[in-house]
>>> print(open('upload-v7.cif').read())   # mmCIF, C-alpha atoms
data_upload
loop_
_atom_site.label_atom_id
_atom_site.label_comp_id
_atom_site.auth_asym_id
_atom_site.auth_seq_id
_atom_site.Cartn_x
_atom_site.Cartn_y
_atom_site.Cartn_z
CA VAL A 14 8.53 14.09 8.38
CA GLN A 15 11.96 14.96 9.76
CA GLU A 16 13.50 12.86 6.97
CA GLY A 17 11.62 14.77 4.29
CA LYS A 18 8.88 12.18 3.87
CA GLN A 19 5.19 12.91 3.52
CA VAL A 20 2.80 11.23 5.96
CA VAL A 21 -0.62 10.03 4.82
CA TYR A 22 -3.14 9.39 7.60
CA LEU A 23 -6.09 7.39 6.27
CA VAL A 24 -9.27 7.35 8.38
CA PRO A 25 -12.69 5.75 7.73
CA THR A 26 -15.05 8.74 8.13
CA THR A 27 -15.14 12.42 7.27
CA ILE A 28 -15.89 13.45 10.85
CA LEU A 29 -12.95 11.43 12.17
CA ALA A 30 -10.71 13.00 9.53
CA GLN A 31 -11.69 16.47 10.73
CA GLN A 32 -11.05 15.52 14.36
CA HIS A 33 -7.60 14.13 13.58
CA TYR A 34 -6.82 17.17 11.46
CA ASN A 35 -7.67 19.53 14.31
CA THR A 36 -5.51 17.46 16.70
CA PHE A 37 -2.52 17.37 14.35
CA VAL A 38 -2.72 21.11 13.65
CA GLN A 39 -2.68 21.81 17.37
CA ARG A 40 0.23 19.45 18.05
CA MET A 41 2.35 20.72 15.16
CA LYS A 42 1.71 24.44 15.58
CA ASP A 43 5.21 25.06 16.99
CA PHE A 44 6.98 23.08 14.25
CA PRO A 45 7.66 23.91 10.56
CA VAL A 46 5.21 21.23 9.46
CA ARG A 47 2.26 21.74 7.14
CA VAL A 48 -0.81 19.65 7.92
CA ASP A 49 -3.67 19.47 5.43
CA LEU A 50 -7.03 17.76 5.03
CA LEU A 51 -8.74 15.99 2.13
CA SER A 52 -12.43 15.34 2.70
CA ARG A 53 -15.87 16.50 1.57
CA PHE A 54 -15.72 19.18 4.28
CA ARG A 55 -13.28 21.03 2.01
CA THR A 56 -14.42 22.99 -1.03
CA ALA A 57 -13.42 21.87 -4.52
CA ALA A 58 -10.93 24.75 -4.71
CA GLU A 59 -9.38 23.84 -1.35
CA GLN A 60 -9.06 20.19 -2.36
CA LYS A 61 -7.47 21.15 -5.69
CA LYS A 62 -4.86 23.27 -3.91
CA THR A 63 -4.07 20.46 -1.46
CA VAL A 64 -3.69 17.95 -4.31
CA THR A 65 -1.38 20.33 -6.19
CA ASP A 66 0.72 21.04 -3.12
CA LEU A 67 0.98 17.33 -2.26
CA LYS A 68 2.46 16.60 -5.65
CA LYS A 69 4.97 19.43 -5.19
CA GLY A 70 5.97 18.10 -1.77
CA MET A 71 4.69 21.18 0.04
CA VAL A 72 2.37 19.22 2.36
CA ASP A 73 4.07 17.23 5.12
CA ILE A 74 1.04 15.48 6.65
CA VAL A 75 -2.28 14.89 4.91
CA ILE A 76 -5.28 13.44 6.69
CA GLY A 77 -8.40 12.18 4.99
CA THR A 78 -10.80 9.46 4.00
CA HIS A 79 -10.33 7.34 0.86
CA ARG A 80 -10.12 10.65 -0.99
CA VAL A 81 -6.37 10.52 -0.27
CA LEU A 82 -6.19 7.44 -2.53
CA SER A 83 -7.96 9.02 -5.50
CA ALA A 84 -6.29 8.88 -8.90
CA ASP A 85 -5.63 12.63 -8.94
CA VAL A 86 -3.80 12.55 -5.60
CA GLN A 87 -0.09 12.03 -6.16
CA TYR A 88 2.71 11.98 -3.61
CA LYS A 89 6.42 12.57 -4.01
CA ASP A 90 7.34 8.94 -3.38
CA LEU A 91 5.02 5.97 -3.77
CA GLY A 92 5.45 2.21 -3.80
CA LEU A 93 3.10 -0.48 -5.03
CA LEU A 94 3.04 -4.20 -4.21
CA ILE A 95 0.95 -6.66 -6.23
CA ILE A 96 0.40 -9.93 -4.41
CA ASP A 97 -0.82 -13.38 -5.43
CA VAL A 98 -1.70 -16.17 -3.00
CA ASP A 99 0.22 -19.07 -4.52
CA LYS A 100 -1.77 -22.05 -5.81
CA PHE A 101 -4.92 -20.79 -4.11
CA LYS A 102 -7.13 -22.84 -6.43
CA GLN A 103 -5.70 -25.99 -4.83
CA VAL A 104 -6.87 -24.74 -1.43
CA ASN A 105 -10.43 -24.32 -2.69
CA ASP A 106 -10.35 -27.66 -4.52
CA SER A 107 -8.88 -29.60 -1.58
CA PHE A 108 -10.45 -27.88 1.44
CA GLY A 109 -13.53 -26.09 0.11
CA HIS A 110 -14.43 -22.46 -0.40
CA GLU A 111 -15.13 -21.80 3.27
CA MET A 112 -11.54 -22.69 4.11
CA GLY A 113 -10.40 -20.61 1.15
CA ASP A 114 -12.24 -17.61 2.58
CA ARG A 115 -10.52 -18.13 5.93
CA VAL A 116 -7.13 -18.19 4.22
CA LEU A 117 -7.87 -14.91 2.40
CA LYS A 118 -8.99 -13.26 5.64
CA HIS A 119 -5.79 -14.47 7.30
CA VAL A 120 -3.68 -13.02 4.50
CA ALA A 121 -5.55 -9.70 4.72
CA SER A 122 -5.00 -9.60 8.49
CA LEU A 123 -1.27 -10.27 8.12
CA LEU A 124 -0.88 -7.54 5.51
CA ALA A 125 -2.73 -5.03 7.67
CA GLY A 126 -0.70 -5.98 10.73
CA ASN A 127 2.73 -5.84 9.10
CA PHE A 128 2.48 -2.60 7.17
CA ARG A 129 2.15 0.96 8.45
CA SER A 130 -1.12 2.74 9.14
CA MET A 131 -0.35 5.12 6.25
CA ASP A 132 -0.10 2.19 3.80
CA TYR A 133 -3.18 0.79 2.10
CA PRO A 134 -3.52 -3.00 1.72
CA ALA A 135 -6.55 -4.09 -0.28
CA ARG A 136 -7.93 -7.15 -2.00
CA ILE A 137 -8.02 -6.62 -5.76
CA GLY A 138 -10.14 -9.68 -6.41
CA GLY A 139 -9.94 -13.45 -6.20
CA ASP A 140 -6.59 -14.36 -4.68
CA GLU A 141 -4.93 -11.05 -5.54
CA PHE A 142 -4.05 -8.26 -3.13
CA SER A 143 -2.18 -4.98 -3.40
CA VAL A 144 -0.49 -2.62 -0.98
CA ILE A 145 -0.04 1.07 -1.76
CA LEU A 146 3.02 2.30 0.12
CA ALA A 147 2.90 6.00 0.83
CA ASN A 148 6.16 7.94 1.13
CA THR A 149 8.20 4.93 0.09
CA ASP A 150 11.14 4.69 -2.27
CA SER A 151 13.73 2.09 -3.20
CA ASP A 152 15.66 2.75 0.01
CA GLN A 153 12.95 0.78 1.83
CA GLN A 154 13.35 -2.38 -0.28
CA LYS A 155 15.15 -4.34 2.43
CA ALA A 156 12.51 -3.55 5.06
CA ILE A 157 9.71 -4.56 2.69
CA LEU A 158 11.47 -7.81 1.77
CA GLU A 159 11.76 -8.61 5.48
CA LYS A 160 8.05 -7.95 6.01
CA ILE A 161 7.07 -10.26 3.14
CA ALA A 162 9.48 -12.96 4.36
CA ALA A 163 7.95 -12.76 7.85
CA ILE A 164 4.43 -13.04 6.43
CA ASN A 165 5.41 -16.00 4.26
CA HIS A 166 6.97 -17.74 7.28
CA VAL A 167 3.66 -17.47 9.15
CA LEU A 168 1.66 -18.65 6.13
CA THR A 169 3.90 -21.63 5.41
CA HIS A 170 3.98 -22.67 9.07
CA PRO A 171 0.34 -22.26 10.17
CA ALA A 172 -0.28 -22.68 13.89
CA ASP A 173 -3.96 -23.53 13.47
CA ASP A 174 -5.93 -25.75 11.10
CA LEU A 175 -5.37 -23.53 8.08
CA PRO A 176 -3.56 -25.08 5.11
CA ALA A 177 -0.07 -23.79 4.34
CA VAL A 178 0.08 -21.18 1.56
CA SER A 179 2.56 -18.54 0.44
CA LEU A 180 2.64 -15.19 -1.32
CA SER A 181 4.32 -14.08 -4.53
CA VAL A 182 4.90 -10.34 -4.50
CA GLY A 183 6.02 -7.87 -7.13
CA GLY A 184 6.92 -4.29 -6.27
CA ALA A 185 7.77 -1.01 -7.96
CA PHE A 186 8.37 2.60 -6.95
CA SER A 187 7.42 5.98 -8.41
CA VAL A 188 8.43 9.56 -7.72
CA GLU A 189 5.37 10.82 -9.63
CA GLY A 190 2.56 9.10 -7.77
CA PHE A 191 0.31 6.30 -8.99
CA SER A 192 0.18 5.54 -12.70
CA ASP A 193 -0.59 2.71 -15.11
CA ASP A 194 3.15 2.30 -15.64
CA LEU A 195 3.74 1.81 -11.91
CA TYR A 196 1.19 -1.01 -11.95
CA ARG A 197 2.75 -2.50 -15.08
CA ARG A 198 6.22 -2.54 -13.54
CA ALA A 199 4.99 -4.12 -10.28
CA ASP A 200 3.15 -6.73 -12.34
CA LEU A 201 6.33 -7.58 -14.28
CA ALA A 202 8.15 -8.09 -10.98
CA LEU A 203 5.34 -10.32 -9.71
CA TYR A 204 5.52 -12.62 -12.73
CA ALA A 205 9.29 -12.84 -12.37
CA VAL A 206 8.71 -14.23 -8.87
CA LYS A 207 6.10 -16.68 -10.12
CA ASP A 208 8.41 -17.83 -12.91
CA ASN A 209 11.14 -18.53 -10.36
CA GLY A 210 9.32 -20.81 -7.95
CA ARG A 211 6.89 -18.44 -6.21
CA CYS A 212 6.94 -17.65 -2.45
CA GLY A 213 9.00 -14.48 -2.52
CA CYS A 214 9.24 -10.81 -3.39
CA ARG A 215 11.03 -8.98 -6.15
CA PHE A 216 11.20 -5.35 -7.18
CA TYR A 217 11.13 -4.04 -10.71
CA ASP A 218 14.39 -3.30 -12.52
CA ASP A 219 15.19 -2.65 -16.16
CA SER A 220 16.22 -6.25 -16.80
CA LEU A 221 12.58 -7.30 -16.55
CA GLU A 222 11.74 -5.34 -19.68
CA LYS A 223 13.90 -7.69 -21.76
CA ALA A 224 11.98 -10.68 -20.42
CA ALA A 225 8.54 -9.09 -20.87
CA PRO A 226 6.33 -10.75 -23.50
CA GLY A 227 5.73 -8.82 -26.68
#
>>> encode(input="upload-v7.cif", output="structure tokens")
Amino acid sequence: VQEGKQVVYLVPTTILAQQHYNTFVQRMKDFPVRVDLLSRFRTAAEQKKTVTDLKKGMVDIVIGTHRVLSADVQYKDLGLLIIDVDKFKQVNDSFGHEMGDRVLKHVASLLAGNFRSMDYPARIGGDEFSVILANTDSDQQKAILEKIAAINHVLTHPADDLPAVSLSVGGAFSVEGFSDDLYRRADLALYAVKDNGRCGCRFYDDSLEKAAPG
């Protein structure tokens, strides 16, 4: 917050969101920090105002359930990672689907453990994951690359009976919240990684448009 970043605090239930909101309001009362809440305890008009003010950068800390990840909720700075588990079909074919499920759970655990509580890792489907990075811009590229490298080191050097796998990751940033174009740009970056040997992370830049099909 002191660096001008918005903080998103995602909690699993409406009641817990209200409790955290009350705590944050009390703790921040002596500071020039605006704390707001997005949950079904707020009226439609109150939620609309919070969403509008978030987009304008007028809210410093927002607390809520998955409502904070709705399509109409946009933050000043947002990052998106799209992630593929490399050659995952070979894991299923060689070790069976039960082992494949264990690998996916391991990947999900590593993503949750390496990113911040305000970020939102999720499984898209199959062997694909995503991470929504709240209050993140291109200045954080190095830190994100280091996180992905650390995760890939663990996955390629398993300490248990899991087979070695790796992640290919594409990332992009937006100053206007989530959009189809943000997803498209992250996807272009992902395929650039896959076309260059997999097991790595790349962020979108304009040069990828020249290589895009069609």
>>> resolve_selection(input="upload-v7.cif", expression="the PyMOL selection byres ((chain A and resi 206-211) around 10)", output="PDB file with C-alpha atoms, keeping the file's coordinate frame")
ATOM      1  CA  ASP A  97      -0.820 -13.380  -5.430  1.00  0.00           C
ATOM      2  CA  VAL A  98      -1.700 -16.170  -3.000  1.00  0.00           C
ATOM      3  CA  ASP A  99       0.220 -19.070  -4.520  1.00  0.00           C
ATOM      4  CA  LYS A 100      -1.770 -22.050  -5.810  1.00  0.00           C
ATOM      5  CA  SER A 179       2.560 -18.540   0.440  1.00  0.00           C
ATOM      6  CA  LEU A 180       2.640 -15.190  -1.320  1.00  0.00           C
ATOM      7  CA  SER A 181       4.320 -14.080  -4.530  1.00  0.00           C
ATOM      8  CA  VAL A 182       4.900 -10.340  -4.500  1.00  0.00           C
ATOM      9  CA  GLY A 183       6.020  -7.870  -7.130  1.00  0.00           C
ATOM     10  CA  ASP A 200       3.150  -6.730 -12.340  1.00  0.00           C
ATOM     11  CA  LEU A 201       6.330  -7.580 -14.280  1.00  0.00           C
ATOM     12  CA  ALA A 202       8.150  -8.090 -10.980  1.00  0.00           C
ATOM     13  CA  LEU A 203       5.340 -10.320  -9.710  1.00  0.00           C
ATOM     14  CA  TYR A 204       5.520 -12.620 -12.730  1.00  0.00           C
ATOM     15  CA  ALA A 205       9.290 -12.840 -12.370  1.00  0.00           C
ATOM     16  CA  CYS A 212       6.940 -17.650  -2.450  1.00  0.00           C
ATOM     17  CA  GLY A 213       9.000 -14.480  -2.520  1.00  0.00           C
ATOM     18  CA  CYS A 214       9.240 -10.810  -3.390  1.00  0.00           C
ATOM     19  CA  ARG A 215      11.030  -8.980  -6.150  1.00  0.00           C
ATOM     20  CA  PHE A 216      11.200  -5.350  -7.180  1.00  0.00           C
TER      21      PHE A 216
END
>>> resolve_selection(input="upload-v7.cif", expression="the PyMOL selection byres ((chain A and resi 83) around 12)", output="PyMOL selection string")
chain A and resi 51-52+60+64+77-82+84-88+145+190-192
>>> resolve_selection(input="upload-v7.cif", expression="the PyMOL selection byres ((chain A and resi 115-127) around 8)", output="ChimeraX atom specification")
/A:111-114,128-129,134-136,140,160,164,168,175-176
>>> closest_residue(input="upload-v7.cif", among="A:Asp194, A:Asp150, A:Asp219, A:Glu189", to="Gly70 of chain A", atoms="only C-alpha atoms")
A:Glu189
>>> atom_distance(input="upload-v7.cif", atom1="atom CA of Phe54 of chain A", atom2="atom CA of Gly92 of chain A")
28.3 Å
>>> residues_around(input="upload-v7.cif", residues="Ile137 of chain A", least_positions_apart="5", cutoff="10 Å", atoms="only C-alpha atoms", output="PDB file with C-alpha atoms, in the coordinates of the input")
ATOM      1  CA  ILE A  95       0.950  -6.660  -6.230  1.00  0.00           C
ATOM      2  CA  ILE A  96       0.400  -9.930  -4.410  1.00  0.00           C
ATOM      3  CA  ASP A  97      -0.820 -13.380  -5.430  1.00  0.00           C
ATOM      4  CA  PHE A 142      -4.050  -8.260  -3.130  1.00  0.00           C
ATOM      5  CA  SER A 143      -2.180  -4.980  -3.400  1.00  0.00           C
ATOM      6  CA  VAL A 144      -0.490  -2.620  -0.980  1.00  0.00           C
TER       7      VAL A 144
END
>>> residues_around(input="upload-v7.cif", residues="segment 44-47 of chain A", least_positions_apart="4", cutoff="7 Å", atoms="all atoms listed in the file", output="PyMOL selection string")
chain A and resi 72-74
>>> atom_distance(input="upload-v7.cif", atom1="atom CA of Leu91 of chain A", atom2="atom CA of Gln32 of chain A")
26.0 Å
>>> residues_near_point(input="upload-v7.cif", point="(-2.9, 19.2, 11.6)", cutoff="10 Å", atoms="all atoms listed in the file", output="list in words")
Gln31, Gln32, His33, Tyr34, Asn35, Thr36, Phe37, Val38, Gln39, Arg40, Met41, Lys42, Val46, Arg47, Val48, Asp49, Leu50, Asp73, Ile74, Val75 and Ile76 of chain A
>>> atom_distance(input="upload-v7.cif", atom1="atom CA of Val167 of chain A", atom2="atom CA of Val21 of chain A")
28.2 Å
>>> closest_residue(input="upload-v7.cif", among="A:Glu159, A:Val104, A:Leu67, A:Ser130", to="Ala177 of chain A", atoms="only C-alpha atoms")
A:Val104
>>> closest_residue(input="upload-v7.cif", among="A:Ala156, A:Tyr133, A:Glu141, A:Lys62", to="Phe101 of chain A", atoms="all atoms listed in the file")
A:Glu141
>>> closest_residue(input="upload-v7.cif", among="A:Lys69, A:Arg197, A:Lys61, A:His166", to="Val178 of chain A", atoms="only C-alpha atoms")
A:His166
>>> closest_residue(input="upload-v7.cif", among="A:Phe108, A:Val188, A:Asp193, A:Tyr217", to="Gln154 of chain A", atoms="only C-alpha atoms")
A:Tyr217
>>> build_atoms(input="upload-v7.cif", residues="segment 54-65 of chain A", atoms="all heavy atoms", output="PDB file, in the coordinates of the input")
ATOM      1  N   PHE A  54     -15.559  17.941   3.536  1.00  0.00           N
ATOM      2  CA  PHE A  54     -15.720  19.180   4.280  1.00  0.00           C
ATOM      3  C   PHE A  54     -14.950  20.329   3.641  1.00  0.00           C
ATOM      4  O   PHE A  54     -15.155  21.487   3.997  1.00  0.00           O
ATOM      5  CB  PHE A  54     -15.251  19.010   5.726  1.00  0.00           C
ATOM      6  CG  PHE A  54     -16.204  18.232   6.604  1.00  0.00           C
ATOM      7  CD1 PHE A  54     -15.819  17.813   7.867  1.00  0.00           C
ATOM      8  CD2 PHE A  54     -17.474  17.919   6.173  1.00  0.00           C
ATOM      9  CE1 PHE A  54     -16.688  17.105   8.685  1.00  0.00           C
ATOM     10  CE2 PHE A  54     -18.359  17.204   6.970  1.00  0.00           C
ATOM     11  CZ  PHE A  54     -17.968  16.796   8.229  1.00  0.00           C
ATOM     12  N   ARG A  55     -14.059  20.007   2.716  1.00  0.00           N
ATOM     13  CA  ARG A  55     -13.280  21.030   2.010  1.00  0.00           C
ATOM     14  C   ARG A  55     -13.940  21.339   0.667  1.00  0.00           C
ATOM     15  O   ARG A  55     -14.474  20.445  -0.004  1.00  0.00           O
ATOM     16  CB  ARG A  55     -11.845  20.547   1.790  1.00  0.00           C
ATOM     17  CG  ARG A  55     -11.012  20.497   3.079  1.00  0.00           C
ATOM     18  CD  ARG A  55     -10.842  21.907   3.629  1.00  0.00           C
ATOM     19  NE  ARG A  55     -10.167  21.948   4.899  1.00  0.00           N
ATOM     20  CZ  ARG A  55      -8.865  22.168   5.049  1.00  0.00           C
ATOM     21  NH1 ARG A  55      -8.099  22.317   4.000  1.00  0.00           N
ATOM     22  NH2 ARG A  55      -8.339  22.231   6.259  1.00  0.00           N
ATOM     23  N   THR A  56     -13.861  22.599   0.261  1.00  0.00           N
ATOM     24  CA  THR A  56     -14.420  22.990  -1.030  1.00  0.00           C
ATOM     25  C   THR A  56     -13.589  22.386  -2.160  1.00  0.00           C
ATOM     26  O   THR A  56     -12.449  21.941  -1.946  1.00  0.00           O
ATOM     27  CB  THR A  56     -14.425  24.517  -1.183  1.00  0.00           C
ATOM     28  OG1 THR A  56     -13.069  24.986  -1.228  1.00  0.00           O
ATOM     29  CG2 THR A  56     -15.157  25.181  -0.017  1.00  0.00           C
ATOM     30  N   ALA A  57     -14.133  22.402  -3.358  1.00  0.00           N
ATOM     31  CA  ALA A  57     -13.420  21.870  -4.520  1.00  0.00           C
ATOM     32  C   ALA A  57     -12.113  22.627  -4.735  1.00  0.00           C
ATOM     33  O   ALA A  57     -11.076  22.033  -5.066  1.00  0.00           O
ATOM     34  CB  ALA A  57     -14.295  21.950  -5.758  1.00  0.00           C
ATOM     35  N   ALA A  58     -12.150  23.935  -4.531  1.00  0.00           N
ATOM     36  CA  ALA A  58     -10.930  24.750  -4.710  1.00  0.00           C
ATOM     37  C   ALA A  58      -9.885  24.409  -3.663  1.00  0.00           C
ATOM     38  O   ALA A  58      -8.689  24.317  -3.970  1.00  0.00           O
ATOM     39  CB  ALA A  58     -11.287  26.230  -4.642  1.00  0.00           C
ATOM     40  N   GLU A  59     -10.315  24.199  -2.426  1.00  0.00           N
ATOM     41  CA  GLU A  59      -9.380  23.840  -1.350  1.00  0.00           C
ATOM     42  C   GLU A  59      -8.761  22.475  -1.609  1.00  0.00           C
ATOM     43  O   GLU A  59      -7.563  22.268  -1.400  1.00  0.00           O
ATOM     44  CB  GLU A  59     -10.102  23.853  -0.008  1.00  0.00           C
ATOM     45  CG  GLU A  59     -10.460  25.245   0.491  1.00  0.00           C
ATOM     46  CD  GLU A  59     -11.328  25.213   1.735  1.00  0.00           C
ATOM     47  OE1 GLU A  59     -12.109  24.236   1.905  1.00  0.00           O
ATOM     48  OE2 GLU A  59     -11.252  26.154   2.538  1.00  0.00           O
ATOM     49  N   GLN A  60      -9.580  21.523  -2.064  1.00  0.00           N
ATOM     50  CA  GLN A  60      -9.060  20.190  -2.360  1.00  0.00           C
ATOM     51  C   GLN A  60      -8.066  20.241  -3.520  1.00  0.00           C
ATOM     52  O   GLN A  60      -7.028  19.575  -3.487  1.00  0.00           O
ATOM     53  CB  GLN A  60     -10.220  19.246  -2.715  1.00  0.00           C
ATOM     54  CG  GLN A  60     -11.108  18.897  -1.541  1.00  0.00           C
ATOM     55  CD  GLN A  60     -12.101  17.815  -1.880  1.00  0.00           C
ATOM     56  OE1 GLN A  60     -11.777  16.826  -2.534  1.00  0.00           O
ATOM     57  NE2 GLN A  60     -13.339  17.976  -1.429  1.00  0.00           N
ATOM     58  N   LYS A  61      -8.371  21.033  -4.535  1.00  0.00           N
ATOM     59  CA  LYS A  61      -7.470  21.150  -5.690  1.00  0.00           C
ATOM     60  C   LYS A  61      -6.117  21.693  -5.260  1.00  0.00           C
ATOM     61  O   LYS A  61      -5.067  21.210  -5.711  1.00  0.00           O
ATOM     62  CB  LYS A  61      -8.100  22.051  -6.747  1.00  0.00           C
ATOM     63  CG  LYS A  61      -7.260  22.171  -8.018  1.00  0.00           C
ATOM     64  CD  LYS A  61      -7.954  23.031  -9.065  1.00  0.00           C
ATOM     65  CE  LYS A  61      -7.098  23.133 -10.328  1.00  0.00           C
ATOM     66  NZ  LYS A  61      -7.768  23.973 -11.358  1.00  0.00           N
ATOM     67  N   LYS A  62      -6.116  22.695  -4.383  1.00  0.00           N
ATOM     68  CA  LYS A  62      -4.860  23.270  -3.910  1.00  0.00           C
ATOM     69  C   LYS A  62      -4.063  22.245  -3.107  1.00  0.00           C
ATOM     70  O   LYS A  62      -2.839  22.122  -3.263  1.00  0.00           O
ATOM     71  CB  LYS A  62      -5.114  24.508  -3.056  1.00  0.00           C
ATOM     72  CG  LYS A  62      -3.835  25.120  -2.477  1.00  0.00           C
ATOM     73  CD  LYS A  62      -4.078  26.444  -1.816  1.00  0.00           C
ATOM     74  CE  LYS A  62      -2.816  26.966  -1.128  1.00  0.00           C
ATOM     75  NZ  LYS A  62      -1.651  26.993  -2.029  1.00  0.00           N
ATOM     76  N   THR A  63      -4.757  21.482  -2.249  1.00  0.00           N
ATOM     77  CA  THR A  63      -4.070  20.460  -1.460  1.00  0.00           C
ATOM     78  C   THR A  63      -3.455  19.403  -2.360  1.00  0.00           C
ATOM     79  O   THR A  63      -2.306  18.989  -2.156  1.00  0.00           O
ATOM     80  CB  THR A  63      -5.055  19.785  -0.476  1.00  0.00           C
ATOM     81  OG1 THR A  63      -5.565  20.773   0.422  1.00  0.00           O
ATOM     82  CG2 THR A  63      -4.372  18.684   0.318  1.00  0.00           C
ATOM     83  N   VAL A  64      -4.202  18.956  -3.373  1.00  0.00           N
ATOM     84  CA  VAL A  64      -3.690  17.950  -4.310  1.00  0.00           C
ATOM     85  C   VAL A  64      -2.458  18.483  -5.043  1.00  0.00           C
ATOM     86  O   VAL A  64      -1.456  17.771  -5.204  1.00  0.00           O
ATOM     87  CB  VAL A  64      -4.799  17.548  -5.307  1.00  0.00           C
ATOM     88  CG1 VAL A  64      -4.214  16.731  -6.456  1.00  0.00           C
ATOM     89  CG2 VAL A  64      -5.890  16.757  -4.601  1.00  0.00           C
ATOM     90  N   THR A  65      -2.514  19.728  -5.493  1.00  0.00           N
ATOM     91  CA  THR A  65      -1.380  20.330  -6.190  1.00  0.00           C
ATOM     92  C   THR A  65      -0.157  20.429  -5.286  1.00  0.00           C
ATOM     93  O   THR A  65       0.962  20.087  -5.680  1.00  0.00           O
ATOM     94  CB  THR A  65      -1.753  21.738  -6.692  1.00  0.00           C
ATOM     95  OG1 THR A  65      -2.843  21.633  -7.616  1.00  0.00           O
ATOM     96  CG2 THR A  65      -0.566  22.404  -7.387  1.00  0.00           C
TER      97      THR A  65
END
